[in-house]
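**Q** For reference, the file input-v7.txt (compact mmCIF, C-alpha atoms) is included below:
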```txt
# COMPACT_ATOMS: atom_id res chain seq x y z
CA MET Q 22 -9.71 191.84 -46.04
CA ALA Q 23 -10.76 191.64 -49.69
CA GLN Q 24 -10.37 188.24 -51.25
CA ALA Q 25 -7.46 187.82 -53.63
CA VAL Q 26 -7.85 185.25 -56.40
CA ALA Q 27 -5.10 183.21 -58.05
CA ALA Q 28 -4.30 184.38 -61.58
CA ASN Q 29 -5.14 181.10 -63.31
CA THR Q 30 -8.75 180.83 -62.14
CA LYS Q 31 -9.96 182.42 -65.43
CA TRP Q 32 -12.72 184.50 -63.89
CA TRP Q 33 -14.53 185.24 -67.09
CA SER Q 34 -14.42 181.79 -68.69
CA GLY Q 35 -18.05 181.14 -67.83
CA GLY Q 36 -19.93 178.65 -65.68
CA LYS Q 37 -19.35 180.55 -62.47
CA SER Q 38 -19.66 184.01 -60.98
CA PRO Q 39 -16.52 186.02 -61.86
CA PHE Q 40 -16.82 187.95 -58.60
CA ASN Q 41 -17.72 184.87 -56.56
CA ILE Q 42 -21.00 186.48 -55.60
CA GLU Q 43 -24.54 185.33 -56.14
CA TYR Q 44 -26.30 187.05 -59.04
CA GLY Q 45 -29.15 188.43 -56.91
CA LYS Q 46 -26.75 189.90 -54.39
CA LEU Q 47 -24.68 191.61 -57.09
CA MET Q 48 -27.80 193.05 -58.67
CA MET Q 49 -28.94 194.33 -55.26
CA TRP Q 50 -25.63 196.17 -54.98
CA TYR Q 51 -26.13 197.80 -58.38
CA PHE Q 52 -29.72 198.73 -57.54
CA LEU Q 53 -28.44 200.37 -54.34
CA MET Q 54 -25.92 202.29 -56.44
CA SER Q 55 -28.76 203.69 -58.57
CA ASP Q 56 -30.73 204.58 -55.46
CA ALA Q 57 -27.62 206.23 -54.02
CA PHE Q 58 -27.45 208.47 -57.07
CA THR Q 59 -31.15 209.30 -56.70
CA PHE Q 60 -30.77 210.38 -53.09
CA GLY Q 61 -27.48 212.04 -53.91
CA ALA Q 62 -29.21 214.06 -56.59
CA PHE Q 63 -31.96 215.11 -54.16
CA LEU Q 64 -29.50 216.17 -51.49
CA ILE Q 65 -27.24 217.99 -53.93
CA ALA Q 66 -30.30 219.81 -55.31
CA TYR Q 67 -31.06 220.86 -51.73
CA GLY Q 68 -27.50 222.06 -51.31
CA THR Q 69 -27.56 223.98 -54.57
CA VAL Q 70 -30.82 225.78 -53.79
CA ARG Q 71 -29.58 226.59 -50.31
CA MET Q 72 -26.26 227.93 -51.66
CA SER Q 73 -28.13 230.10 -54.14
CA SER Q 74 -30.44 231.59 -51.49
CA ASN Q 75 -29.65 234.74 -49.60
CA GLY Q 76 -31.09 233.44 -46.37
CA TRP Q 77 -32.07 230.05 -44.96
CA PRO Q 78 -33.78 228.90 -41.73
CA ASP Q 79 -31.51 227.74 -38.93
CA PRO Q 80 -32.12 223.99 -38.37
CA ASN Q 81 -31.37 224.34 -34.66
CA HIS Q 82 -34.31 226.74 -34.38
CA VAL Q 83 -36.71 224.81 -36.59
CA PHE Q 84 -36.00 221.36 -35.13
CA GLN Q 85 -35.85 221.84 -31.41
CA SER Q 86 -38.71 219.79 -30.01
CA ALA Q 87 -39.01 216.30 -28.65
CA PRO Q 88 -42.12 214.37 -27.64
CA PHE Q 89 -43.04 214.91 -23.97
CA LEU Q 90 -40.02 217.19 -23.55
CA GLY Q 91 -41.23 220.39 -25.24
CA ASP Q 92 -39.07 222.98 -26.95
CA GLY Q 93 -35.55 224.24 -26.59
CA LEU Q 94 -33.82 220.93 -27.26
CA PRO Q 95 -32.13 221.07 -30.65
CA LEU Q 96 -30.71 217.81 -32.03
CA VAL Q 97 -32.12 215.69 -29.19
CA PHE Q 98 -34.99 213.98 -30.99
CA VAL Q 99 -33.08 213.48 -34.24
CA SER Q 100 -30.21 211.89 -32.31
CA LEU Q 101 -32.68 209.39 -30.91
CA MET Q 102 -33.88 208.63 -34.43
CA THR Q 103 -30.30 208.16 -35.64
CA PHE Q 104 -29.48 205.77 -32.81
CA ILE Q 105 -32.65 203.78 -33.40
CA LEU Q 106 -31.69 203.27 -37.03
CA ILE Q 107 -28.06 202.41 -36.24
CA VAL Q 108 -29.17 199.85 -33.64
CA SER Q 109 -31.65 198.33 -36.10
CA SER Q 110 -28.76 198.04 -38.57
CA VAL Q 111 -26.72 196.20 -35.94
CA THR Q 112 -29.57 193.76 -35.25
CA MET Q 113 -29.81 193.20 -39.02
CA VAL Q 114 -26.09 192.36 -39.23
CA LEU Q 115 -26.60 189.88 -36.39
CA ALA Q 116 -29.56 188.35 -38.23
CA VAL Q 117 -27.45 187.88 -41.37
CA HIS Q 118 -24.68 186.38 -39.26
CA GLU Q 119 -27.11 183.86 -37.76
CA GLY Q 120 -28.18 183.08 -41.32
CA HIS Q 121 -24.59 182.19 -42.21
CA ASN Q 122 -24.68 179.68 -39.36
CA MET Q 123 -28.07 178.32 -40.55
CA ASN Q 124 -29.50 179.20 -37.13
CA ARG Q 125 -33.22 179.74 -37.81
CA LYS Q 126 -34.15 180.79 -34.30
CA GLY Q 127 -31.34 183.35 -34.20
CA VAL Q 128 -32.43 184.84 -37.51
CA ILE Q 129 -36.01 185.14 -36.26
CA LYS Q 130 -34.93 186.89 -33.08
CA TRP Q 131 -32.69 189.49 -34.69
CA LEU Q 132 -34.97 190.08 -37.66
CA ALA Q 133 -37.86 190.73 -35.26
CA TRP Q 134 -35.80 193.34 -33.41
CA THR Q 135 -34.85 194.97 -36.71
CA ILE Q 136 -38.54 195.28 -37.60
CA VAL Q 137 -39.27 196.81 -34.20
CA GLY Q 138 -36.49 199.35 -34.79
CA GLY Q 139 -37.89 200.16 -38.22
CA PHE Q 140 -41.37 200.83 -36.84
CA ALA Q 141 -39.88 202.91 -34.02
CA PHE Q 142 -38.07 205.08 -36.54
CA LEU Q 143 -41.21 205.51 -38.64
CA GLY Q 144 -43.15 206.49 -35.51
CA CYS Q 145 -40.55 209.10 -34.65
CA GLN Q 146 -40.59 210.52 -38.17
CA ALA Q 147 -44.39 210.64 -38.10
CA TRP Q 148 -44.23 212.60 -34.84
CA GLU Q 149 -41.72 215.04 -36.33
CA TRP Q 150 -43.88 215.60 -39.42
CA THR Q 151 -47.05 216.04 -37.36
CA HIS Q 152 -45.33 218.49 -35.04
CA LEU Q 153 -44.00 220.60 -37.92
CA PHE Q 154 -47.40 220.49 -39.64
CA HIS Q 155 -49.09 221.82 -36.52
CA GLU Q 156 -46.57 224.65 -36.44
CA GLY Q 157 -47.66 225.62 -39.94
CA ALA Q 158 -45.01 224.00 -42.14
CA TRP Q 159 -45.94 221.78 -45.10
CA TRP Q 160 -45.31 221.55 -48.83
CA GLY Q 161 -45.83 225.11 -50.05
CA LYS Q 162 -46.27 226.51 -46.54
CA ILE Q 163 -43.91 227.95 -43.99
CA PRO Q 164 -45.02 229.86 -40.87
CA VAL Q 165 -43.99 233.51 -41.18
CA TYR Q 166 -44.47 235.93 -38.32
CA ALA Q 167 -42.27 238.04 -36.11
CA GLY Q 168 -40.28 235.69 -33.89
CA SER Q 169 -41.09 232.50 -35.82
CA HIS Q 170 -38.55 229.70 -35.47
CA PHE Q 171 -38.66 229.28 -39.21
CA LEU Q 172 -37.26 232.70 -40.09
CA ASN Q 173 -33.94 232.84 -41.89
CA ALA Q 174 -30.88 233.08 -39.71
CA ASP Q 175 -30.69 236.82 -40.43
CA GLY Q 176 -34.37 237.34 -39.53
CA SER Q 177 -35.70 237.72 -43.08
CA VAL Q 178 -38.70 235.91 -44.58
CA PRO Q 179 -37.81 232.33 -45.54
CA SER Q 180 -38.68 230.66 -48.81
CA THR Q 181 -40.91 227.59 -48.91
CA ASN Q 182 -37.96 225.82 -50.56
CA PHE Q 183 -36.94 224.83 -47.05
CA SER Q 184 -40.13 222.97 -46.14
CA ASN Q 185 -40.56 221.57 -49.68
CA PHE Q 186 -37.12 220.00 -49.66
CA PHE Q 187 -37.41 218.78 -46.08
CA PHE Q 188 -40.72 216.98 -46.52
CA THR Q 189 -39.88 215.60 -49.96
CA ILE Q 190 -36.49 214.14 -49.06
CA THR Q 191 -37.46 212.82 -45.61
CA GLY Q 192 -40.63 211.53 -47.27
CA PHE Q 193 -38.67 209.55 -49.84
CA HIS Q 194 -36.40 208.25 -47.11
CA GLY Q 195 -39.33 207.34 -44.87
CA PHE Q 196 -40.93 205.50 -47.78
CA HIS Q 197 -37.74 203.49 -48.21
CA VAL Q 198 -37.75 202.67 -44.49
CA PHE Q 199 -41.38 201.58 -44.78
CA SER Q 200 -40.72 199.34 -47.77
CA GLY Q 201 -37.68 197.95 -45.96
CA VAL Q 202 -39.84 197.06 -42.96
CA ILE Q 203 -42.34 195.32 -45.26
CA ILE Q 204 -39.53 193.35 -46.91
CA ASN Q 205 -38.16 192.39 -43.49
CA ILE Q 206 -41.61 191.22 -42.37
CA ILE Q 207 -41.85 189.03 -45.47
CA MET Q 208 -38.37 187.68 -44.74
CA LEU Q 209 -39.42 186.94 -41.16
CA ILE Q 210 -42.47 185.01 -42.32
CA MET Q 211 -40.40 183.03 -44.82
CA THR Q 212 -37.84 182.23 -42.12
CA ILE Q 213 -40.51 181.05 -39.70
CA GLN Q 214 -41.95 178.83 -42.44
CA GLY Q 215 -38.53 177.23 -42.87
CA LYS Q 216 -38.19 178.26 -46.52
CA PHE Q 217 -34.50 179.07 -46.14
CA ASP Q 218 -33.70 175.83 -44.37
CA GLN Q 219 -35.29 174.12 -47.38
CA ARG Q 220 -33.11 176.08 -49.81
CA GLY Q 221 -30.02 175.44 -47.77
CA HIS Q 222 -28.94 179.07 -47.52
CA TYR Q 223 -30.08 182.37 -46.08
CA LEU Q 224 -28.87 184.51 -48.99
CA MET Q 225 -32.25 186.25 -49.20
CA ILE Q 226 -31.72 187.62 -45.69
CA GLU Q 227 -28.37 188.99 -46.81
CA LYS Q 228 -29.97 190.83 -49.70
CA ALA Q 229 -32.68 192.27 -47.46
CA GLY Q 230 -29.88 193.24 -45.10
CA LEU Q 231 -28.09 195.17 -47.83
CA TYR Q 232 -31.27 197.15 -48.53
CA TRP Q 233 -31.76 197.87 -44.83
CA HIS Q 234 -28.20 199.10 -44.38
CA PHE Q 235 -28.60 201.32 -47.40
CA VAL Q 236 -31.64 202.91 -45.72
CA ASP Q 237 -29.51 203.58 -42.65
CA LEU Q 238 -26.75 205.02 -44.81
CA VAL Q 239 -29.12 207.43 -46.55
CA TRP Q 240 -30.35 208.59 -43.15
CA VAL Q 241 -26.77 209.38 -42.12
CA PHE Q 242 -26.59 211.86 -45.00
CA VAL Q 243 -30.14 213.21 -44.70
CA PHE Q 244 -29.50 213.86 -41.00
CA LEU Q 245 -26.19 215.49 -41.92
CA CYS Q 246 -27.63 217.82 -44.56
CA PHE Q 247 -30.82 218.93 -42.83
CA TYR Q 248 -29.90 218.96 -39.15
CA LEU Q 249 -26.14 219.46 -38.88
CA LEU Q 250 -25.06 221.56 -41.84
CA MET X 5 -19.83 172.24 -46.03
CA GLU X 6 -21.15 175.73 -46.51
CA HIS X 7 -20.44 176.22 -50.21
CA GLN X 8 -22.27 173.08 -51.25
CA SER X 9 -25.60 174.54 -50.18
CA MET X 10 -25.02 178.00 -51.70
CA SER X 11 -25.68 179.06 -55.27
CA SER X 12 -23.79 176.99 -57.81
CA GLU X 13 -22.26 180.17 -59.17
CA ILE X 14 -20.03 180.47 -56.13
CA THR X 15 -16.97 178.27 -56.49
CA PHE X 16 -14.89 179.05 -53.46
CA ALA X 17 -16.29 179.29 -49.98
CA PRO X 18 -16.14 182.67 -48.22
CA GLU X 19 -13.81 182.86 -45.25
CA HIS X 20 -15.56 181.33 -42.28
CA HIS X 21 -14.64 183.07 -39.06
CA ASP X 22 -15.80 181.76 -35.70
CA THR X 23 -18.90 183.37 -34.26
CA LYS X 24 -17.17 185.08 -31.35
CA SER X 25 -14.73 187.07 -33.47
CA VAL X 26 -17.51 188.11 -35.87
CA VAL X 27 -19.80 189.31 -33.09
CA ARG X 28 -16.89 191.11 -31.44
CA LYS X 29 -16.17 192.91 -34.73
CA ILE X 30 -19.82 193.90 -35.05
CA ILE X 31 -19.87 195.32 -31.52
CA LYS X 32 -16.59 197.15 -32.09
CA THR X 33 -17.97 198.75 -35.25
CA THR X 34 -21.19 199.70 -33.44
CA VAL X 35 -19.17 201.47 -30.77
CA ILE X 36 -17.12 203.31 -33.40
CA LEU X 37 -20.29 204.46 -35.19
CA SER X 38 -21.86 205.62 -31.93
CA VAL X 39 -18.76 207.55 -30.89
CA ILE X 40 -18.53 209.26 -34.29
CA THR X 41 -22.23 210.21 -34.05
CA ILE X 42 -21.75 211.66 -30.56
CA ILE X 43 -18.78 213.71 -31.78
CA GLU X 44 -20.87 215.00 -34.70
CA LEU X 45 -23.64 216.01 -32.30
CA ALA X 46 -21.16 217.74 -30.01
CA LEU X 47 -19.79 219.72 -32.95
CA GLY X 48 -23.37 220.55 -33.95
CA TYR X 49 -23.99 221.95 -30.49
CA ILE X 50 -20.78 223.98 -30.67
CA ILE X 51 -22.04 225.60 -33.87
CA PHE X 52 -25.42 226.21 -32.17
CA PHE X 53 -23.77 228.09 -29.33
CA MET X 54 -21.46 229.94 -31.70
CA HIS X 55 -24.47 231.29 -33.58
CA LYS X 56 -25.76 232.91 -30.41
CA ASN X 57 -22.83 235.33 -30.64
CA PRO X 58 -23.33 237.71 -33.58
CA ASP X 59 -19.57 238.24 -33.91
CA HIS X 60 -18.69 234.58 -34.36
CA SER X 61 -16.16 233.54 -36.99
CA VAL X 62 -17.90 232.31 -40.15
CA ASN X 63 -14.79 230.46 -41.29
CA LEU X 64 -14.58 228.51 -38.06
CA VAL X 65 -18.19 227.42 -38.49
CA LEU X 66 -17.41 226.26 -42.02
CA ALA X 67 -14.33 224.39 -40.80
CA ILE X 68 -16.37 222.60 -38.14
CA LYS X 69 -19.00 221.70 -40.73
CA GLY X 70 -16.21 220.32 -42.91
CA VAL X 71 -15.08 218.09 -40.05
CA ILE X 72 -18.67 216.89 -39.55
CA VAL X 73 -18.89 215.95 -43.25
CA ILE X 74 -15.65 213.96 -43.03
CA LEU X 75 -16.96 212.14 -39.94
CA SER X 76 -20.13 211.23 -41.84
CA LEU X 77 -18.03 209.84 -44.68
CA ALA X 78 -16.18 207.75 -42.11
CA LYS X 79 -19.52 206.41 -40.85
CA ALA X 80 -20.49 205.54 -44.42
CA PHE X 81 -17.21 203.69 -44.87
CA TYR X 82 -17.78 201.56 -41.75
CA ILE X 83 -21.40 200.77 -42.60
CA VAL X 84 -20.61 199.78 -46.19
CA SER X 85 -17.37 197.92 -45.53
CA ILE X 86 -18.29 195.98 -42.38
CA PHE X 87 -22.08 195.90 -41.97
CA MET X 88 -22.74 195.37 -45.66
CA HIS X 89 -19.66 193.13 -45.96
CA LEU X 90 -18.39 194.93 -49.03
CA GLY X 91 -14.93 194.76 -47.48
CA ASP X 92 -15.08 190.96 -47.74
CA GLU X 93 -15.81 190.85 -51.44
CA ILE X 94 -13.40 190.39 -54.31
CA ARG X 95 -11.38 193.54 -54.86
CA ASN X 96 -12.45 194.08 -58.45
CA MET X 97 -16.09 193.88 -57.43
CA ILE X 98 -15.51 196.45 -54.68
CA MET X 99 -14.07 198.76 -57.32
CA THR X 100 -17.19 198.48 -59.51
CA ILE X 101 -19.11 199.96 -56.57
CA VAL X 102 -16.64 202.48 -55.18
CA VAL X 103 -15.15 204.01 -58.33
CA PRO X 104 -18.43 205.29 -59.86
CA LEU X 105 -19.31 206.87 -56.52
CA PHE X 106 -16.30 209.16 -56.91
CA LEU X 107 -18.40 210.99 -59.47
CA PHE X 108 -20.08 212.48 -56.40
CA VAL X 109 -16.97 214.53 -55.68
CA TRP X 110 -17.35 216.35 -59.00
CA PHE X 111 -21.16 216.42 -58.67
CA ILE X 112 -21.09 218.09 -55.25
CA ALA X 113 -18.25 220.51 -55.99
CA ALA X 114 -19.72 221.66 -59.30
CA PHE X 115 -23.24 222.21 -58.00
CA MET X 116 -22.20 223.97 -54.79
CA TRP X 117 -19.95 226.26 -56.83
CA ASP X 118 -22.72 226.91 -59.33
CA GLY X 119 -25.33 227.63 -56.66
CA ASN X 120 -23.04 230.06 -54.91
CA SER X 121 -22.15 231.77 -58.18
CA TYR X 122 -25.85 232.12 -59.03
CA LYS X 123 -26.47 233.85 -55.71
CA ASP X 124 -23.60 236.30 -56.16
CA LEU X 125 -24.48 237.12 -59.76
CA ARG X 126 -28.13 237.57 -58.98
CA ASN X 127 -27.43 239.86 -56.07
CA THR X 128 -25.14 241.91 -58.30
CA TYR X 129 -27.48 242.28 -61.26
CA ASP X 130 -30.88 242.13 -59.53
CA ARG X 131 -31.02 244.75 -56.77
CA HIS X 132 -34.72 244.14 -56.27
CA HIS X 133 -33.98 240.53 -55.35
CA ALA X 134 -31.18 241.48 -52.97
CA GLU X 135 -33.39 243.98 -51.16
CA GLN X 136 -36.53 241.85 -51.18
CA THR X 137 -34.90 238.83 -49.58
CA ASN X 138 -33.87 241.02 -46.69
CA VAL X 139 -37.39 241.93 -45.52
CA LYS X 140 -38.16 241.06 -41.93
CA PRO X 141 -41.74 240.19 -40.96
CA THR X 142 -43.57 242.38 -38.47
CA ASN X 143 -46.92 240.61 -38.19
CA PRO X 144 -47.56 238.85 -34.89
CA LYS X 145 -48.05 235.12 -34.49
CA PRO X 146 -51.59 234.05 -35.49
CA ALA X 147 -53.78 232.80 -32.61
CA GLU X 148 -53.62 229.05 -31.99
CA HIS X 149 -57.23 228.23 -32.91
CA GLU X 150 -57.11 230.05 -36.23
CA GLU X 151 -56.82 227.95 -39.34
CA HIS X 152 -53.29 227.96 -40.73
CA SER X 153 -53.61 230.03 -43.88
CA GLU X 154 -51.26 230.19 -46.81
CA LYS X 155 -48.09 231.92 -45.68
CA PRO X 156 -49.32 234.93 -43.67
CA ALA X 157 -46.45 237.04 -44.94
CA ALA X 158 -45.53 240.57 -43.92
CA GLU X 159 -47.13 243.31 -45.97
CA GLY X 160 -45.80 243.81 -49.42
CA VAL X 161 -43.64 240.71 -49.40
CA LYS X 162 -44.14 238.15 -52.16
CA GLN X 163 -42.80 234.65 -51.80
CA GLU X 164 -39.79 234.48 -54.03
CA LYS X 165 -39.52 231.35 -56.15
CA LEU X 166 -36.26 230.23 -57.67
CA HIS X 167 -36.53 230.65 -61.43
```
Would you write the structure of this file as structure tokens?

**A**
Amino acid sequence: MAQAVAANTKWWSGGKSPFNIEYGKLMMWYFLMSDAFTFGAFLIAYGTVRMSSNGWPDPNHVFQSAPFLGDGLPLVFVSLMTFILIVSSVTMVLAVHEGHNMNRKGVIKWLAWTIVGGFAFLGCQAWEWTHLFHEGAWWGKIPVYAGSHFLNADGSVPSTNFSNFFFTITGFHGFHVFSGVIINIIMLIMTIQGKFDQRGHYLMIEKAGLYWHFVDLVWVFVFLCFYLL
Amino acid sequence: MEHQSMSSEITFAPEHHDTKSVVRKIIKTTVILSVITIIELALGYIIFFMHKNPDHSVNLVLAIKGVIVILSLAKAFYIVSIFMHLGDEIRNMIMTIVVPLFLFVWFIAAFMWDGNSYKDLRNTYDRHHAEQTNVKPTNPKPAEHEEHSEKPAAEGVKQEKLH
């Protein structure tokens, strides 16, 4: 699938992109690499602290609620959130594809759906945070009483490391989702105004798409570390 | 026709597939991602039910978690290669992205090992810590209308912070 290039094209002789990629797009990739290391560092820190702790809360006991459906449903709500983000990634791919075909109306349609998906995810995350807050969990706080869902798996008192890490990392991720939604809204406005038809290419949508997919990718690993492992 | 309107840095046009095959590929990838997610959730539920039995095999739980991690890496591969189109780029450029990320293998292995070692060493040389982290709370749940105070811990238990 990767493009092969004939040996005599002298990639590095100047005047053209050696990787046949627009400068802005390449730089977006390298920014995403740096952000990947940031989130990687956060998640590995979480793993390290968890490995070094004698006990840790069981995610299936802490995260077992869904809106309107009450308790006793581990993994249900977070699955919904994961599907919302995957679907919004798919609509983003379709928007980029329409951009390749210079189809302005198509780009508007799929970009709008991506924004809807982004807001839906943020709403879900806000509900999750509010619900946990009302149960007594927050930065520096974790509800401790006999029979609390938040007790370590062996029944002992949990450390606030759990809630600190959860809110910090999902907070950073949620902030990235929020900024991604803002960027997508700006892209939508520019598309409606015909800016990309003027330029002759929809490369900007591709770059916004890369950022949005990165946000989805980070969620895959946040969901993995906090809810499944 | 397409490469004339793109940035002047790009000298050869990217492969231009027809819309139908592209959309079909996107849908196929979406289905793959959804199926992998459903399998991960199923495995998560299996672990949930295993935990209800106090005699469950710890190694089996770890093995299932290992499978879940590999499935997540597969999801990452599909998202990056097909949704982000990295698979369509020039091979050397792909390598500038993928090769540095292999540092994560060392990063994760080293830190997990270190964290685990810290726990074992501390439990060995700090009996107070080993005993203290085993205290179970006996206080009842505070009434709903009461203000949530700072960690209503069981008597005599201090919140342990990682030094």

**Q** Between atom CA of Q:Ser100 and atom CA of X:Phe111, what distance in Å does the model show, to one decimal?

**A**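 Atom CA of Q:Ser100 sits 28.2 Å away from atom CA of X:Phe111.
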
**Q** From the set Q:Ala147, Q:Ala133, Q:Ala141, Q:Leu249, which residue has the shortest atom-to-atom contact distance to chain X, counting all atoms listed in the file?

**A**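 For chain X, the nearest of the candidates is Q:Leu249.
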
**Q** Please report the interatomic distance between atom CA of X:Pro146 and atom CA of Q:Ser169 in Å with one decimal.

**A** 10.6 Å

**Q** Using all atoms listed in the file, collect all residues at a distance of at most 12 Å from (-36.7, 206.7, -47.7) as written in the file, then present them as an MDAnalysis selection string.

**A** chainID Q and resid 56:57 59:60 63 139 142:143 146 188:202 232:243

**Q** Counting all atoms listed in the file, which of Q:His222, Q:Lys216, Q:Lys31, Q:Arg125 gets nearest to chain X?

**A**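 Of Q:His222, Q:Lys216, Q:Lys31, Q:Arg125, the one nearest chain X is Q:His222, counting all atoms listed in the file.
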
**Q** Please determine, counting only C-alpha atoms, which residue among Q:Trp131, Q:Phe104, Q:Trp33, Q:Phe186 has the shortest atom-to-atom distance to chain X.

**A**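 Residue with the minimum atom-to-atom distance to chain X: Q:Phe104.
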
**Q** Would you output stretch 147-191 of chain Q from that structure, restricted to C-alpha atoms, as a PDB file, in the first residue's frame?

**A**
```pdb
ATOM      1  CA  ALA Q 147     -19.548  15.261  31.674  1.00  0.00           C
ATOM      2  CA  TRP Q 148     -22.258  12.906  32.945  1.00  0.00           C
ATOM      3  CA  GLU Q 149     -19.650  10.384  34.092  1.00  0.00           C
ATOM      4  CA  TRP Q 150     -17.677  13.057  35.953  1.00  0.00           C
ATOM      5  CA  THR Q 151     -20.795  14.525  37.569  1.00  0.00           C
ATOM      6  CA  HIS Q 152     -21.971  11.086  38.647  1.00  0.00           C
ATOM      7  CA  LEU Q 153     -18.617  10.211  40.218  1.00  0.00           C
ATOM      8  CA  PHE Q 154     -18.444  13.620  41.903  1.00  0.00           C
ATOM      9  CA  HIS Q 155     -21.839  13.080  43.495  1.00  0.00           C
ATOM     10  CA  GLU Q 156     -20.623   9.731  44.801  1.00  0.00           C
ATOM     11  CA  GLY Q 157     -17.788  11.539  46.558  1.00  0.00           C
ATOM     12  CA  ALA Q 158     -14.868  11.101  44.167  1.00  0.00           C
ATOM     13  CA  TRP Q 159     -12.769  14.061  43.001  1.00  0.00           C
ATOM     14  CA  TRP Q 160      -9.146  15.174  42.932  1.00  0.00           C
ATOM     15  CA  GLY Q 161      -7.912  14.399  46.447  1.00  0.00           C
ATOM     16  CA  LYS Q 162     -11.150  12.679  47.468  1.00  0.00           C
ATOM     17  CA  ILE Q 163     -12.371   9.122  47.342  1.00  0.00           C
ATOM     18  CA  PRO Q 164     -15.471   7.848  49.172  1.00  0.00           C
ATOM     19  CA  VAL Q 165     -14.423   5.453  51.927  1.00  0.00           C
ATOM     20  CA  TYR Q 166     -16.988   3.535  53.945  1.00  0.00           C
ATOM     21  CA  ALA Q 167     -17.900  -0.073  54.517  1.00  0.00           C
ATOM     22  CA  GLY Q 168     -19.328  -1.423  51.271  1.00  0.00           C
ATOM     23  CA  SER Q 169     -18.210   1.486  49.072  1.00  0.00           C
ATOM     24  CA  HIS Q 170     -17.754   0.667  45.387  1.00  0.00           C
ATOM     25  CA  PHE Q 171     -14.442   2.447  45.508  1.00  0.00           C
ATOM     26  CA  LEU Q 172     -12.750   0.094  47.963  1.00  0.00           C
ATOM     27  CA  ASN Q 173      -9.752  -1.859  46.757  1.00  0.00           C
ATOM     28  CA  ALA Q 174     -10.466  -5.252  45.289  1.00  0.00           C
ATOM     29  CA  ASP Q 175      -9.376  -6.865  48.577  1.00  0.00           C
ATOM     30  CA  GLY Q 176     -11.639  -4.581  50.633  1.00  0.00           C
ATOM     31  CA  SER Q 177      -8.922  -2.282  51.993  1.00  0.00           C
ATOM     32  CA  VAL Q 178      -8.950   1.526  51.975  1.00  0.00           C
ATOM     33  CA  PRO Q 179      -8.062   2.892  48.532  1.00  0.00           C
ATOM     34  CA  SER Q 180      -5.600   5.674  47.852  1.00  0.00           C
ATOM     35  CA  THR Q 181      -6.710   8.908  46.204  1.00  0.00           C
ATOM     36  CA  ASN Q 182      -4.180   8.080  43.471  1.00  0.00           C
ATOM     37  CA  PHE Q 183      -7.047   6.337  41.718  1.00  0.00           C
ATOM     38  CA  SER Q 184      -9.342   9.351  41.467  1.00  0.00           C
ATOM     39  CA  ASN Q 185      -6.438  11.764  40.849  1.00  0.00           C
ATOM     40  CA  PHE Q 186      -5.206   9.793  37.870  1.00  0.00           C
ATOM     41  CA  PHE Q 187      -8.687   9.160  36.513  1.00  0.00           C
ATOM     42  CA  PHE Q 188      -9.809  12.779  36.522  1.00  0.00           C
ATOM     43  CA  THR Q 189      -6.465  14.146  35.318  1.00  0.00           C
ATOM     44  CA  ILE Q 190      -6.048  11.804  32.366  1.00  0.00           C
ATOM     45  CA  THR Q 191      -9.695  11.802  31.248  1.00  0.00           C
TER      46      THR Q 191
END
```
